[in-house]
Amino acid sequence: MQIITDSSCDLPQEIIDRLKILIVPLQIEINGEEFTDGVNLTHHQFFEKMAASPTLPKTSQPSPQSFIDVFREGLKRHSEILSIHLSSRLSGTMEGALMARNDVEGEISIFDSLSGSLGVGLQVLKACELVKEGLGKQAILERLAEYREQMRVVVYLETLENAVKGGRVSKPKEIVANLLNLKPVVHVEEGYVKILKTLRGKKKGIRMLLDEMEKKGVDYSNRIVGITHCDCLEDALALKEEIMQRFKPAEIILTTMGPVIGTHAGTGGLLVCF
């Protein structure tokens, strides 16, 4: 079975290459310039361009032809495809995948991650693991749905600047929040992004990510934890060290957050998926 996903998954290229995962790229427009995620725009370039742009970048779902091309490539490799995508409640990517499937002959299953960034990526890794175990399509979909249900994605936001650019927060509210040093922590719930809490100061905001992991009350020794950061590697490495010491997970994947979620999180954002 060929596993396919979209560029919102934020998986490191080394993992994508090793597991032979196929990627359908999303599109980004920054200050009037159009880019293809991961093709002619790296994550680092994205954050540089976003910081210099007076307006919020715009992301759009892959073109129908992009899906069709990748599906056909997948069917050359394997007789079945499992395609896992960004939450249908955050993007039209899932809808695009479903529509493209109608134009391609072959066995193609589409799975809604109900998540973003490494929340998608870890589900892709779980699917690869289940394929390797030799499970059939139905069993893989059932196990993947269970894993999705158990997963949590929590994000610390350093700034409300992008929310202001996107029209979600008024400028006076941003000024007040900045004066009070308020830091929002959001999470993904049933495919939507919702505010969990607003705390004063970065340390408290980041500490809450660890507290949310603690609340889950599970043994992390056989689990992968994902961390993505918005151009704040030092904070991400410090968080990784604390997670290693406190929870001792089987593995931590640390990488940069891509344009799809990074547009809304803004520079300094930190996401933990567990």
# chains A, B, ... in the order shown; residues from 1 in each chain; ligands from 1
call {"tool": "residues_around", "arguments": {"residues": "Ile84 (chain A)", "least_positions_apart": "4", "cutoff": "9 Å", "atoms": "only C-alpha atoms", "output": "NGL selection string"}}
result
:A and (3-6 or 94 or 109-113 or 120-121 or 123-124 or 127)
call {"tool": "residues_around", "arguments": {"residues": "region 246-258 of chain A", "least_positions_apart": "4", "cutoff": "8 Å", "atoms": "only C-alpha atoms", "output": "JSON, numbers by chain"}}
result
{"A": [7, 8, 10, 11, 12, 37, 43, 46, 117, 219, 220, 221, 222, 223, 224, 225, 226, 227, 228, 229, 230, 231, 236, 240, 242, 262]}
call {"tool": "residues_around", "arguments": {"residues": "Val153 (chain A)", "least_positions_apart": "3", "cutoff": "10 Å", "atoms": "only C-alpha atoms", "output": "mmCIF file with C-alpha atoms, in the first residue's frame"}}
result
data_model
loop_
_atom_site.group_PDB
_atom_site.id
_atom_site.type_symbol
_atom_site.label_atom_id
_atom_site.label_comp_id
_atom_site.auth_asym_id
_atom_site.auth_seq_id
_atom_site.Cartn_x
_atom_site.Cartn_y
_atom_site.Cartn_z
ATOM 1 C CA SER A 115 -5.376 17.703 12.528
ATOM 2 C CA GLY A 116 -2.517 19.768 11.152
ATOM 3 C CA SER A 117 1.304 19.877 11.064
ATOM 4 C CA LEU A 118 2.841 16.847 12.811
ATOM 5 C CA GLY A 119 -0.670 15.927 13.935
ATOM 6 C CA VAL A 120 -1.014 14.819 10.305
ATOM 7 C CA VAL A 186 -4.572 26.644 21.522
ATOM 8 C CA HIS A 187 -5.363 23.025 20.734
ATOM 9 C CA VAL A 188 -6.966 20.990 17.985
ATOM 10 C CA GLU A 189 -10.347 19.574 18.973
ATOM 11 C CA VAL A 193 -8.401 25.032 16.431
ATOM 12 C CA LEU A 209 2.516 22.270 26.823
ATOM 13 C CA GLU A 212 -1.005 18.986 28.936
ATOM 14 C CA MET A 213 1.267 16.013 28.226
ATOM 15 C CA GLY A 226 6.232 15.553 17.637
ATOM 16 C CA ILE A 227 7.491 19.129 18.024
ATOM 17 C CA LEU A 271 3.452 22.891 18.544
ATOM 18 C CA VAL A 272 3.517 19.608 20.457
ATOM 19 C CA CYS A 273 1.751 16.496 19.202
ATOM 20 C CA PHE A 274 1.399 13.491 21.489
#
call {"tool": "atom_distance", "arguments": {"atom1": "CA of Ser63 (chain A)", "atom2": "CA of Glu34 (chain A)"}}
result
13.4 Å
call {"tool": "residues_around", "arguments": {"residues": "Asp235 (chain A)", "least_positions_apart": "6", "cutoff": "9 Å", "atoms": "only C-alpha atoms", "output": "number ranges by chain"}}
result
A: 206, 229, 268, 270
call {"tool": "closest_residue", "arguments": {"among": "A:Lys76, A:Arg148, A:Lys126, A:His85", "to": "Glu105 (chain A)", "atoms": "only C-alpha atoms"}}
result
A:Lys76
call {"tool": "closest_residue", "arguments": {"among": "A:Pro184, A:Ile21, A:Ile16, A:Thr59", "to": "Thr36 (chain A)", "atoms": "only C-alpha atoms"}}
result
A:Thr59
call {"tool": "closest_residue", "arguments": {"among": "A:Ile68, A:Ile195, A:Leu56, A:Lys132", "to": "Leu98 (chain A)", "atoms": "only C-alpha atoms"}}
result
A:Ile68
call {"tool": "atom_distance", "arguments": {"atom1": "CA of Thr159 (chain A)", "atom2": "CA of Gly201 (chain A)"}}
result
10.9 Å
